[in-house]
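Input: a single structure, listed below in structure tokens.
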Number of protein chains: 2
Amino acid sequence: MNTVSATEQQQDSTRARMQAMGRAARAAARLMARADTGTKNAALNAIANELDRQRPQLAAANAKDMQHGRDSGLDAALLDRLELTDARIDGMIEGLNQVADLPDPVGEISDLKYRPSGIQLGKMRVPLGVIGIIYESRPNVTIDAASLCLKSGNATILRGGKEALHSNGAIAACITAGLKQAGLPEAAVQVVETTDRAAVGAMITMSEYVDVIVPRGGKGLIERISNDARVPVIKHLDGICHVYIDDRADREKAFNIALNAKTHRYGVCNAMETLLVAEGIANEVLPRLAAAYSEKGVELRGCEKTRAIVPDAQPASDEDWVTEYLAPVLSIRIVADMDAAMDHIAQYSSGHTESIVTEDYTRARRFLAEVDSSSVMVNASTRFADGFEYGLGAEIGISTDKIHARGPVGLEGLTSQKWIVFGDGQIRE
Amino acid sequence: MNTVSATEQQQDSTRARMQAMGRAARAAARLMARADTGTKNAALNAIANELDRQRPQLAAANAKDMQHGRDSGLDAALLDRLELTDARIDGMIEGLNQVADLPDPVGEISDLKYRPSGIQLGKMRVPLGVIGIIYESRPNVTIDAASLCLKSGNATILRGGKEALHSNGAIAACITAGLKQAGLPEAAVQVVETTDRAAVGAMITMSEYVDVIVPRGGKGLIERISNDARVPVIKHLDGICHVYIDDRADREKAFNIALNAKTHRYGVCNAMETLLVAEGIANEVLPRLAAAYSEKGVELRGCEKTRAIVPDAQPASDEDWVTEYLAPVLSIRIVADMDAAMDHIAQYSSGHTESIVTEDYTRARRFLAEVDSSSVMVNASTRFADGFEYGLGAEIGISTDKIHARGPVGLEGLTSQKWIVFGDGQIRE
């Protein structure tokens, strides 16, 4: 037997195993869809208790992954994300209990009204069915994703990074135990325990068993999955967020928002990456802002007009306008007016979050209506674009798609609405 | 130059033209998104007037397509769908004026509330952007689709069947004239005027210019497009709809609904294709129903238990449970109870529309909650699953997807909701 056919055999067997998981998930999804709120909450609390009880097992499994990571030369940042400290386990437990406290979206009936035919028509919120989550090294995503999918009545297939294989397996054991204690099907949450990449290929193409894929990770992973998927994908690509300081901005608000949006945290998708400033106010706001950024160690890259006011700024290239730095770097562009700012945003934004700082009523209304991003703000920091800040309780990700869920995706984004009709024997004439 | 490279050159040039259309559509979409309701309605009315004024041109163009269709041997049914009679032009004009009368979904703000941080958070309904419609021979779809996309503030690229090329071109001329009269960009509605199939390939993969594809036509077309698309697809595959007559059904309602759902119209996606009957009531309802179906010329195919009660029924094969007849044919299965009916539906339904006939409160509630289809009904004919009956005014299709729009898709399904934030200078602490 040569190597190629051995690989092919392995791929076939992985595919067969994924199909079996899919079938089990589809069957579990029917039971999950009719599970009542109390049972789902009991499962979430039971999983939390299991995590607490099985800390030694979690530590042992994580130690294996950490050792393997060090042996294979993972860098310090990845090792840090991989580590399951006691504080992180506390965080997972707290997250589970918080999700249990959220209102159950399933079964909500809205817009119930009579039609001229006599039928009473409405919409009912129902689970999507089977959700596939593909993510990278952080093992706590296993719990975040599982808890949201469980509460929203979905079955889940989770495929974590190969670096976290043992940790994810130990977490899966806690989930299975919790589901069992609550009387829910164990296949409601399944963790893929193979590192074979054919598992991902199978997951994203078996549309008979999987209703939606949520990839979480770097842009490369998400683009690869989106290109190959035959199942709908809820995805988040870049977070190239803009703040536009209008010439009718309140200077104090402009200073605070532009500083906060960049420097509150650097490695997050809702941080500002490009600051747009109206020509008429640039001289007043940029010097003070530049000094504040410098003090925080933020590297500035500006257009020519910016550099005339902020001589320390490096020249910005076209590449800068489409770069998500996720770092203490900021590009600055001076624009003629709000229309020019909106043109820049339409061309370069990733559609995540944009904010205008202005006291002008008509401009605020226009910016809100015309900027085509998942969150559009007036006089607020882009850093608010977040599931917790929006009151969703938790988020499975931030969608930069326009279809289905947009922006922070919480429980509601994991459901759909079907039409329901109450009749008394009505027929079409 | 050999044939292959000539074909390749043609494909390259088609792709380049589609890209140019995409760029123009993207630019037009920004203008359409901010067009006010009055302007959009004026355009719809102006297009209606143009259709009325240009009846001679429409007739001449349609005559060319009809002649070409006859010459190339199109069958009578296809020729009928292709024909633009005066009555059909009246229908298009009426449709345009009806869409003008519908409320504008764009800009609707909902769920506006203050968060603990002080920001005021809400959702705003906005157009999707650029919508690609791919459809088969009926030229009136050009107007249906264009009017709904226009009213919902989207730009549209329409690609009709090659049989209707001249008719679609003549309709496009009316649309362009109407858009111009209202001061809207002509690229807001573009009709692809090439029969090169590479045009479809380009449309469904240029995700930078097209936000969603809506294919309308046979299952083969829709499956092909879904498989190859790199852009989200709102699709409708089968309509394998079920009526389940429970043993606690009102006999009169059961008879009327089961007869209406099958025989009101045969070639429609919301017609019943399989009748499920509880064992305990089959003897009471099936003979009368079978007689009524026979009188209407409906061919019956039944399970063994059905054939014991209805001897004229042919035996139903497994293939029958997954067949959308779109014809006077009905499969009938006797089941033990509602759970068995729901199992059958879970296994064989296409997720379009199912109805239960029962007077039992708890069963009605369970059927509504647990059956996972885009429309689920109690004591009503499946024939009500329709955009007009649901009060959407018109529909661009009926989605059997779970993501985004589900069931009849009207104006709202052609929009998305973005988050909006009103602040007073708030920053994250």
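Scheme for the structure tokens: letters A, B, ... for chains in order shown; per-chain residue numbers from 1; ligand numbers from 1 in order shown.
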
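Near segment 276-280 of chain B, within 8 Å and counting only C-alpha atoms, sit B:His242, B:Val243, B:Tyr244, B:Ile245, B:Asp246, B:Asp247, B:Ile332, B:Arg333, B:Ile334, B:Val335, B:Ala336, B:Asp337, B:Met338, B:Ala341; same-chain residues fewer than 5 positions away were not included.
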
* Give me the residues within 7 Å of segment 234-236 of chain B as a PyMOL selection string, counting only C-alpha atoms and dropping any in the same chain fewer than 3 places off. => chain B and resi 213-215+398-401

Dump as a PDB file, in the first residue's frame, selection limited to all heavy atoms:
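Saved to part14.pdb:
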ATOM      1  N   ILE B 213     -27.648  36.285  -4.238  1.00  0.00           N
ATOM      2  CA  ILE B 213     -28.208  35.771  -5.492  1.00  0.00           C
ATOM      3  C   ILE B 213     -29.559  35.121  -5.183  1.00  0.00           C
ATOM      4  O   ILE B 213     -29.681  34.372  -4.226  1.00  0.00           O
ATOM      5  CB  ILE B 213     -27.259  34.698  -6.100  1.00  0.00           C
ATOM      6  CG1 ILE B 213     -25.943  35.330  -6.567  1.00  0.00           C
ATOM      7  CG2 ILE B 213     -27.942  33.931  -7.243  1.00  0.00           C
ATOM      8  CD1 ILE B 213     -26.017  36.078  -7.867  1.00  0.00           C
ATOM      9  N   VAL B 214     -30.562  35.455  -6.004  1.00  0.00           N
ATOM     10  CA  VAL B 214     -31.859  34.780  -5.891  1.00  0.00           C
ATOM     11  C   VAL B 214     -32.117  34.063  -7.211  1.00  0.00           C
ATOM     12  O   VAL B 214     -32.425  34.700  -8.213  1.00  0.00           O
ATOM     13  CB  VAL B 214     -33.000  35.781  -5.606  1.00  0.00           C
ATOM     14  CG1 VAL B 214     -34.329  35.023  -5.410  1.00  0.00           C
ATOM     15  CG2 VAL B 214     -32.704  36.632  -4.387  1.00  0.00           C
ATOM     16  N   PRO B 215     -31.964  32.733  -7.228  1.00  0.00           N
ATOM     17  CA  PRO B 215     -32.280  31.989  -8.451  1.00  0.00           C
ATOM     18  C   PRO B 215     -33.757  31.615  -8.457  1.00  0.00           C
ATOM     19  O   PRO B 215     -34.309  31.222  -7.435  1.00  0.00           O
ATOM     20  CB  PRO B 215     -31.412  30.732  -8.337  1.00  0.00           C
ATOM     21  CG  PRO B 215     -31.143  30.554  -6.887  1.00  0.00           C
ATOM     22  CD  PRO B 215     -31.435  31.854  -6.180  1.00  0.00           C
ATOM     23  N   ILE B 398     -39.961  31.890  -2.517  1.00  0.00           N
ATOM     24  CA  ILE B 398     -40.243  31.262  -1.230  1.00  0.00           C
ATOM     25  C   ILE B 398     -38.989  30.518  -0.831  1.00  0.00           C
ATOM     26  O   ILE B 398     -38.532  29.629  -1.530  1.00  0.00           O
ATOM     27  CB  ILE B 398     -41.451  30.313  -1.333  1.00  0.00           C
ATOM     28  CG1 ILE B 398     -42.715  31.135  -1.618  1.00  0.00           C
ATOM     29  CG2 ILE B 398     -41.604  29.491  -0.062  1.00  0.00           C
ATOM     30  CD1 ILE B 398     -44.003  30.355  -1.555  1.00  0.00           C
ATOM     31  N   SER B 399     -38.408  30.920   0.294  1.00  0.00           N
ATOM     32  CA  SER B 399     -37.127  30.343   0.697  1.00  0.00           C
ATOM     33  C   SER B 399     -37.336  29.106   1.547  1.00  0.00           C
ATOM     34  O   SER B 399     -38.106  29.121   2.501  1.00  0.00           O
ATOM     35  CB  SER B 399     -36.329  31.384   1.485  1.00  0.00           C
ATOM     36  OG  SER B 399     -35.273  30.755   2.177  1.00  0.00           O
ATOM     37  N   THR B 400     -36.651  28.017   1.182  1.00  0.00           N
ATOM     38  CA  THR B 400     -36.646  26.834   2.037  1.00  0.00           C
ATOM     39  C   THR B 400     -35.333  26.757   2.819  1.00  0.00           C
ATOM     40  O   THR B 400     -35.033  25.740   3.430  1.00  0.00           O
ATOM     41  CB  THR B 400     -36.860  25.537   1.228  1.00  0.00           C
ATOM     42  OG1 THR B 400     -35.892  25.469   0.181  1.00  0.00           O
ATOM     43  CG2 THR B 400     -38.242  25.503   0.613  1.00  0.00           C
ATOM     44  N   ASP B 401     -34.556  27.852   2.795  1.00  0.00           N
ATOM     45  CA  ASP B 401     -33.369  27.939   3.634  1.00  0.00           C
ATOM     46  C   ASP B 401     -33.781  28.286   5.054  1.00  0.00           C
ATOM     47  O   ASP B 401     -34.885  28.744   5.299  1.00  0.00           O
ATOM     48  CB  ASP B 401     -32.454  29.067   3.129  1.00  0.00           C
ATOM     49  CG  ASP B 401     -31.791  28.715   1.816  1.00  0.00           C
ATOM     50  OD1 ASP B 401     -31.530  27.529   1.576  1.00  0.00           O
ATOM     51  OD2 ASP B 401     -31.537  29.640   1.035  1.00  0.00           O
TER      52      ASP B 401
END

* Excluding same-chain residues fewer than 3 positions from Asp65 of chain A, what lies within 7 Å of it counting only C-alpha atoms, as a count of residues only? -> 8

* To do: Skip segment 420-423 of chain B itself and residues of its chain fewer than 6 positions away, then list as a ChimeraX atom specification all residues within 6 Å of it, counting only C-alpha atoms.
  => /A:375-380 /B:119-123

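Among the candidates A:Gln314, A:Asn227, A:Gln181, A:Thr205, the residue lying nearest to chain B is A:Asn227 (atoms considered: only C-alpha atoms).
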
Which residues of chain A are close to chain B, meaning at most 8 Å apart when you count only C-alpha atoms, and how do they look as an mmCIF file with N, CA, C and O atoms, in the first residue's frame?
data_model
loop_
_atom_site.group_PDB
_atom_site.id
_atom_site.type_symbol
_atom_site.label_atom_id
_atom_site.label_comp_id
_atom_site.auth_asym_id
_atom_site.auth_seq_id
_atom_site.Cartn_x
_atom_site.Cartn_y
_atom_site.Cartn_z
ATOM 1 N N ARG A 30 -33.514 17.576 16.823
ATOM 2 C CA ARG A 30 -34.975 17.519 16.992
ATOM 3 C C ARG A 30 -35.358 17.508 18.467
ATOM 4 O O ARG A 30 -36.330 18.141 18.866
ATOM 5 N N ALA A 33 -34.632 20.986 20.002
ATOM 6 C CA ALA A 33 -35.580 22.022 19.585
ATOM 7 C C ALA A 33 -36.807 22.035 20.487
ATOM 8 O O ALA A 33 -37.450 23.062 20.660
ATOM 9 N N ARG A 34 -37.145 20.863 21.058
ATOM 10 C CA ARG A 34 -38.321 20.853 21.918
ATOM 11 C C ARG A 34 -37.987 20.796 23.404
ATOM 12 O O ARG A 34 -38.894 20.720 24.235
ATOM 13 N N GLY A 107 -39.210 29.755 20.589
ATOM 14 C CA GLY A 107 -40.655 29.699 20.779
ATOM 15 C C GLY A 107 -41.334 31.057 20.823
ATOM 16 O O GLY A 107 -42.557 31.137 20.818
ATOM 17 N N ARG A 115 -55.470 37.776 8.940
ATOM 18 C CA ARG A 115 -55.459 38.171 7.533
ATOM 19 C C ARG A 115 -56.901 38.184 7.027
ATOM 20 O O ARG A 115 -57.779 37.574 7.647
ATOM 21 N N SER A 117 -58.348 36.515 4.916
ATOM 22 C CA SER A 117 -58.883 35.167 4.704
ATOM 23 C C SER A 117 -59.390 34.547 6.000
ATOM 24 O O SER A 117 -60.052 33.513 5.970
ATOM 25 N N ILE A 119 -57.310 33.493 8.434
ATOM 26 C CA ILE A 119 -56.203 32.817 9.129
ATOM 27 C C ILE A 119 -55.502 33.830 10.023
ATOM 28 O O ILE A 119 -55.521 35.044 9.757
ATOM 29 N N LEU A 121 -51.898 34.810 11.349
ATOM 30 C CA LEU A 121 -50.525 34.585 10.880
ATOM 31 C C LEU A 121 -49.528 35.205 11.842
ATOM 32 O O LEU A 121 -49.755 36.321 12.335
ATOM 33 N N VAL A 126 -37.265 29.804 16.135
ATOM 34 C CA VAL A 126 -36.893 28.397 16.307
ATOM 35 C C VAL A 126 -35.382 28.247 16.108
ATOM 36 O O VAL A 126 -34.739 29.091 15.475
ATOM 37 N N LEU A 128 -31.764 27.029 14.616
ATOM 38 C CA LEU A 128 -31.343 26.782 13.231
ATOM 39 C C LEU A 128 -31.237 25.290 12.961
ATOM 40 O O LEU A 128 -31.479 24.835 11.851
ATOM 41 N N ASP A 211 -26.511 22.947 9.313
ATOM 42 C CA ASP A 211 -27.293 24.070 8.786
ATOM 43 C C ASP A 211 -26.479 25.339 8.631
ATOM 44 O O ASP A 211 -26.786 26.173 7.784
ATOM 45 N N VAL A 212 -25.468 25.524 9.460
ATOM 46 C CA VAL A 212 -24.646 26.732 9.342
ATOM 47 C C VAL A 212 -23.297 26.469 9.998
ATOM 48 O O VAL A 212 -23.190 25.689 10.949
ATOM 49 N N SER A 226 -14.873 29.763 3.948
ATOM 50 C CA SER A 226 -15.941 30.377 3.149
ATOM 51 C C SER A 226 -15.867 29.927 1.704
ATOM 52 O O SER A 226 -16.888 29.703 1.063
ATOM 53 N N ASN A 227 -14.655 29.816 1.184
ATOM 54 C CA ASN A 227 -14.508 29.425 -0.218
ATOM 55 C C ASN A 227 -14.926 27.991 -0.479
ATOM 56 O O ASN A 227 -15.464 27.686 -1.532
ATOM 57 N N ARG A 230 -20.137 24.379 1.455
ATOM 58 C CA ARG A 230 -21.414 24.194 0.743
ATOM 59 C C ARG A 230 -22.569 24.394 1.718
ATOM 60 O O ARG A 230 -23.707 24.088 1.416
ATOM 61 N N PRO A 232 -24.170 27.349 4.564
ATOM 62 C CA PRO A 232 -24.050 28.789 4.838
ATOM 63 C C PRO A 232 -23.043 29.068 5.973
ATOM 64 O O PRO A 232 -22.946 28.286 6.919
ATOM 65 N N LYS A 253 -15.408 65.709 22.971
ATOM 66 C CA LYS A 253 -15.903 64.379 22.604
ATOM 67 C C LYS A 253 -15.000 63.753 21.548
ATOM 68 O O LYS A 253 -14.697 62.549 21.598
ATOM 69 N N ALA A 254 -14.590 64.576 20.568
ATOM 70 C CA ALA A 254 -13.744 64.044 19.497
ATOM 71 C C ALA A 254 -12.442 63.494 20.062
ATOM 72 O O ALA A 254 -12.003 62.387 19.710
ATOM 73 N N ASN A 256 -11.774 62.477 23.177
ATOM 74 C CA ASN A 256 -11.986 61.284 24.015
ATOM 75 C C ASN A 256 -12.304 60.040 23.182
ATOM 76 O O ASN A 256 -11.800 58.954 23.435
ATOM 77 N N ILE A 257 -13.183 60.216 22.203
ATOM 78 C CA ILE A 257 -13.603 59.059 21.393
ATOM 79 C C ILE A 257 -12.457 58.549 20.532
ATOM 80 O O ILE A 257 -12.204 57.335 20.463
ATOM 81 N N ASN A 260 -9.981 56.793 22.838
ATOM 82 C CA ASN A 260 -10.512 55.529 23.371
ATOM 83 C C ASN A 260 -10.619 54.447 22.298
ATOM 84 O O ASN A 260 -10.280 53.281 22.536
ATOM 85 N N ALA A 261 -11.122 54.839 21.118
ATOM 86 C CA ALA A 261 -11.351 53.851 20.059
ATOM 87 C C ALA A 261 -10.044 53.191 19.638
ATOM 88 O O ALA A 261 -10.013 52.021 19.255
ATOM 89 N N HIS A 264 -7.943 51.886 23.880
ATOM 90 C CA HIS A 264 -8.544 51.119 24.983
ATOM 91 C C HIS A 264 -8.045 49.675 24.973
ATOM 92 O O HIS A 264 -7.700 49.113 26.001
ATOM 93 N N LEU A 368 -25.682 57.916 9.814
ATOM 94 C CA LEU A 368 -26.357 56.715 10.328
ATOM 95 C C LEU A 368 -27.043 55.943 9.212
ATOM 96 O O LEU A 368 -26.988 54.713 9.159
ATOM 97 N N ALA A 369 -27.711 56.668 8.322
ATOM 98 C CA ALA A 369 -28.499 55.994 7.291
ATOM 99 C C ALA A 369 -27.617 55.453 6.175
ATOM 100 O O ALA A 369 -27.873 54.386 5.625
ATOM 101 N N GLU A 370 -26.563 56.200 5.817
ATOM 102 C CA GLU A 370 -25.861 55.877 4.578
ATOM 103 C C GLU A 370 -24.634 54.992 4.738
ATOM 104 O O GLU A 370 -24.208 54.355 3.770
ATOM 105 N N SER A 373 -22.375 49.607 7.393
ATOM 106 C CA SER A 373 -21.569 48.731 8.243
ATOM 107 C C SER A 373 -22.462 48.091 9.289
ATOM 108 O O SER A 373 -23.581 48.545 9.505
ATOM 109 N N SER A 374 -21.951 47.049 9.949
ATOM 110 C CA SER A 374 -22.826 46.305 10.868
ATOM 111 C C SER A 374 -23.184 47.141 12.093
ATOM 112 O O SER A 374 -24.236 46.939 12.680
ATOM 113 N N SER A 375 -22.307 48.072 12.488
ATOM 114 C CA SER A 375 -22.640 49.039 13.541
ATOM 115 C C SER A 375 -22.258 50.422 13.052
ATOM 116 O O SER A 375 -21.142 50.617 12.547
ATOM 117 N N VAL A 376 -23.171 51.374 13.188
ATOM 118 C CA VAL A 376 -22.893 52.759 12.815
ATOM 119 C C VAL A 376 -23.268 53.640 14.003
ATOM 120 O O VAL A 376 -24.367 53.508 14.560
ATOM 121 N N MET A 377 -22.325 54.519 14.398
ATOM 122 C CA MET A 377 -22.481 55.232 15.669
ATOM 123 C C MET A 377 -22.342 56.728 15.487
ATOM 124 O O MET A 377 -21.674 57.197 14.568
ATOM 125 N N VAL A 378 -22.981 57.473 16.396
ATOM 126 C CA VAL A 378 -22.792 58.916 16.483
ATOM 127 C C VAL A 378 -22.273 59.226 17.872
ATOM 128 O O VAL A 378 -22.893 58.832 18.879
ATOM 129 N N ASN A 379 -21.146 59.894 17.951
ATOM 130 C CA ASN A 379 -20.593 60.355 19.228
ATOM 131 C C ASN A 379 -20.412 59.235 20.251
ATOM 132 O O ASN A 379 -20.798 59.372 21.422
ATOM 133 N N ALA A 380 -19.873 58.103 19.793
ATOM 134 C CA ALA A 380 -19.560 57.010 20.724
ATOM 135 C C ALA A 380 -18.336 56.272 20.191
ATOM 136 O O ALA A 380 -18.074 56.258 18.983
ATOM 137 N N SER A 381 -17.615 55.629 21.090
ATOM 138 C CA SER A 381 -16.406 54.894 20.707
ATOM 139 C C SER A 381 -16.784 53.597 19.996
ATOM 140 O O SER A 381 -17.695 52.881 20.422
ATOM 141 N N ARG A 383 -15.460 50.951 20.257
ATOM 142 C CA ARG A 383 -15.247 49.851 21.202
ATOM 143 C C ARG A 383 -16.542 49.316 21.798
ATOM 144 O O ARG A 383 -16.562 48.254 22.406
ATOM 145 N N PHE A 384 -17.671 50.054 21.622
ATOM 146 C CA PHE A 384 -18.951 49.552 22.143
ATOM 147 C C PHE A 384 -19.542 48.424 21.292
ATOM 148 O O PHE A 384 -20.490 47.773 21.728
ATOM 149 N N GLU A 389 -21.681 44.657 25.574
ATOM 150 C CA GLU A 389 -22.108 46.060 25.611
ATOM 151 C C GLU A 389 -23.495 46.237 24.995
ATOM 152 O O GLU A 389 -24.259 47.114 25.386
ATOM 153 N N TYR A 390 -23.828 45.396 24.012
ATOM 154 C CA TYR A 390 -25.135 45.494 23.354
ATOM 155 C C TYR A 390 -26.210 44.730 24.125
ATOM 156 O O TYR A 390 -27.362 44.682 23.707
ATOM 157 N N GLY A 391 -25.818 44.070 25.214
ATOM 158 C CA GLY A 391 -26.818 43.393 26.027
ATOM 159 C C GLY A 391 -27.214 42.026 25.517
ATOM 160 O O GLY A 391 -28.241 41.483 25.910
ATOM 161 N N LYS A 402 -23.936 40.508 5.402
ATOM 162 C CA LYS A 402 -25.189 41.268 5.412
ATOM 163 C C LYS A 402 -26.399 40.356 5.548
ATOM 164 O O LYS A 402 -27.482 40.791 5.885
ATOM 165 N N ILE A 403 -26.213 39.093 5.204
ATOM 166 C CA ILE A 403 -27.306 38.123 5.234
ATOM 167 C C ILE A 403 -27.435 37.593 6.654
ATOM 168 O O ILE A 403 -26.450 37.408 7.338
ATOM 169 N N HIS A 404 -28.685 37.339 7.087
ATOM 170 C CA HIS A 404 -28.964 36.769 8.404
ATOM 171 C C HIS A 404 -28.456 37.707 9.507
ATOM 172 O O HIS A 404 -28.845 38.841 9.543
ATOM 173 N N ALA A 405 -27.577 37.237 10.372
ATOM 174 C CA ALA A 405 -27.143 38.036 11.510
ATOM 175 C C ALA A 405 -26.044 39.004 11.097
ATOM 176 O O ALA A 405 -25.157 38.666 10.330
ATOM 177 N N ARG A 406 -26.111 40.221 11.620
ATOM 178 C CA ARG A 406 -25.138 41.251 11.288
ATOM 179 C C ARG A 406 -24.606 41.838 12.585
ATOM 180 O O ARG A 406 -25.363 42.093 13.509
ATOM 181 N N GLY A 407 -23.278 42.053 12.650
ATOM 182 C CA GLY A 407 -22.695 42.570 13.889
ATOM 183 C C GLY A 407 -22.608 41.470 14.935
ATOM 184 O O GLY A 407 -22.551 40.281 14.600
ATOM 185 N N SER A 416 -33.825 31.059 13.751
ATOM 186 C CA SER A 416 -34.502 31.661 12.599
ATOM 187 C C SER A 416 -35.967 31.824 12.966
ATOM 188 O O SER A 416 -36.407 31.391 14.029
ATOM 189 N N GLN A 417 -36.711 32.478 12.117
ATOM 190 C CA GLN A 417 -38.146 32.623 12.353
ATOM 191 C C GLN A 417 -38.910 31.870 11.282
ATOM 192 O O GLN A 417 -38.654 32.053 10.090
ATOM 193 N N LYS A 418 -39.818 31.007 11.700
ATOM 194 C CA LYS A 418 -40.691 30.362 10.724
ATOM 195 C C LYS A 418 -42.069 31.020 10.821
ATOM 196 O O LYS A 418 -42.403 31.660 11.830
ATOM 197 N N TRP A 419 -42.867 30.873 9.781
ATOM 198 C CA TRP A 419 -44.236 31.387 9.797
ATOM 199 C C TRP A 419 -45.132 30.352 10.467
ATOM 200 O O TRP A 419 -44.971 29.152 10.255
ATOM 201 N N ILE A 420 -46.077 30.833 11.274
ATOM 202 C CA ILE A 420 -47.080 29.916 11.819
ATOM 203 C C ILE A 420 -48.464 30.441 11.479
ATOM 204 O O ILE A 420 -48.670 31.663 11.379
ATOM 205 N N VAL A 421 -49.389 29.538 11.255
ATOM 206 C CA VAL A 421 -50.757 29.902 10.884
ATOM 207 C C VAL A 421 -51.732 29.155 11.790
ATOM 208 O O VAL A 421 -51.683 27.927 11.879
ATOM 209 N N PHE A 422 -52.596 29.908 12.473
ATOM 210 C CA PHE A 422 -53.708 29.328 13.213
ATOM 211 C C PHE A 422 -54.953 29.481 12.352
ATOM 212 O O PHE A 422 -55.326 30.602 12.003
ATOM 213 N N GLY A 423 -55.593 28.346 12.017
ATOM 214 C CA GLY A 423 -56.807 28.413 11.206
ATOM 215 C C GLY A 423 -57.980 27.776 11.906
ATOM 216 O O GLY A 423 -57.845 27.180 12.985
ATOM 217 N N ASP A 424 -59.134 27.908 11.282
ATOM 218 C CA ASP A 424 -60.356 27.248 11.761
ATOM 219 C C ASP A 424 -60.982 26.471 10.623
ATOM 220 O O ASP A 424 -62.200 26.411 10.505
ATOM 221 N N GLY A 425 -60.138 25.925 9.769
ATOM 222 C CA GLY A 425 -60.642 25.176 8.622
ATOM 223 C C GLY A 425 -60.591 25.970 7.318
ATOM 224 O O GLY A 425 -61.175 25.560 6.316
ATOM 225 N N GLN A 426 -59.846 27.083 7.311
ATOM 226 C CA GLN A 426 -59.804 27.924 6.103
ATOM 227 C C GLN A 426 -59.188 27.203 4.900
ATOM 228 O O GLN A 426 -58.214 26.460 5.045
ATOM 229 N N ILE A 427 -59.764 27.453 3.734
ATOM 230 C CA ILE A 427 -59.201 26.959 2.469
ATOM 231 C C ILE A 427 -59.119 28.129 1.489
ATOM 232 O O ILE A 427 -59.776 29.148 1.671
ATOM 233 N N ARG A 428 -58.280 27.989 0.454
ATOM 234 C CA ARG A 428 -58.180 29.028 -0.597
ATOM 235 C C ARG A 428 -59.363 28.894 -1.543
ATOM 236 O O ARG A 428 -59.693 27.796 -1.995
ATOM 237 N N GLU A 429 -59.978 30.005 -1.834
ATOM 238 C CA GLU A 429 -61.141 29.970 -2.768
ATOM 239 C C GLU A 429 -60.633 30.187 -4.192
ATOM 240 O O GLU A 429 -59.745 30.957 -4.437
#

* To do: Pull the alpha helix (DSSP H) assignments for segment 202-408 of chain B out of DSSP run on the backbone, and list those residues as a PyMOL selection string.
  => chain B and resi 202-203+219-228+251-263+279-295+304-309+318-321+338-348+361-370

* segment 131-263 of chain B: residues DSSP assigns to strand (DSSP E), reported as a ChimeraX atom specification -> /B:131-135,155-159,189-191,212-216,241-245
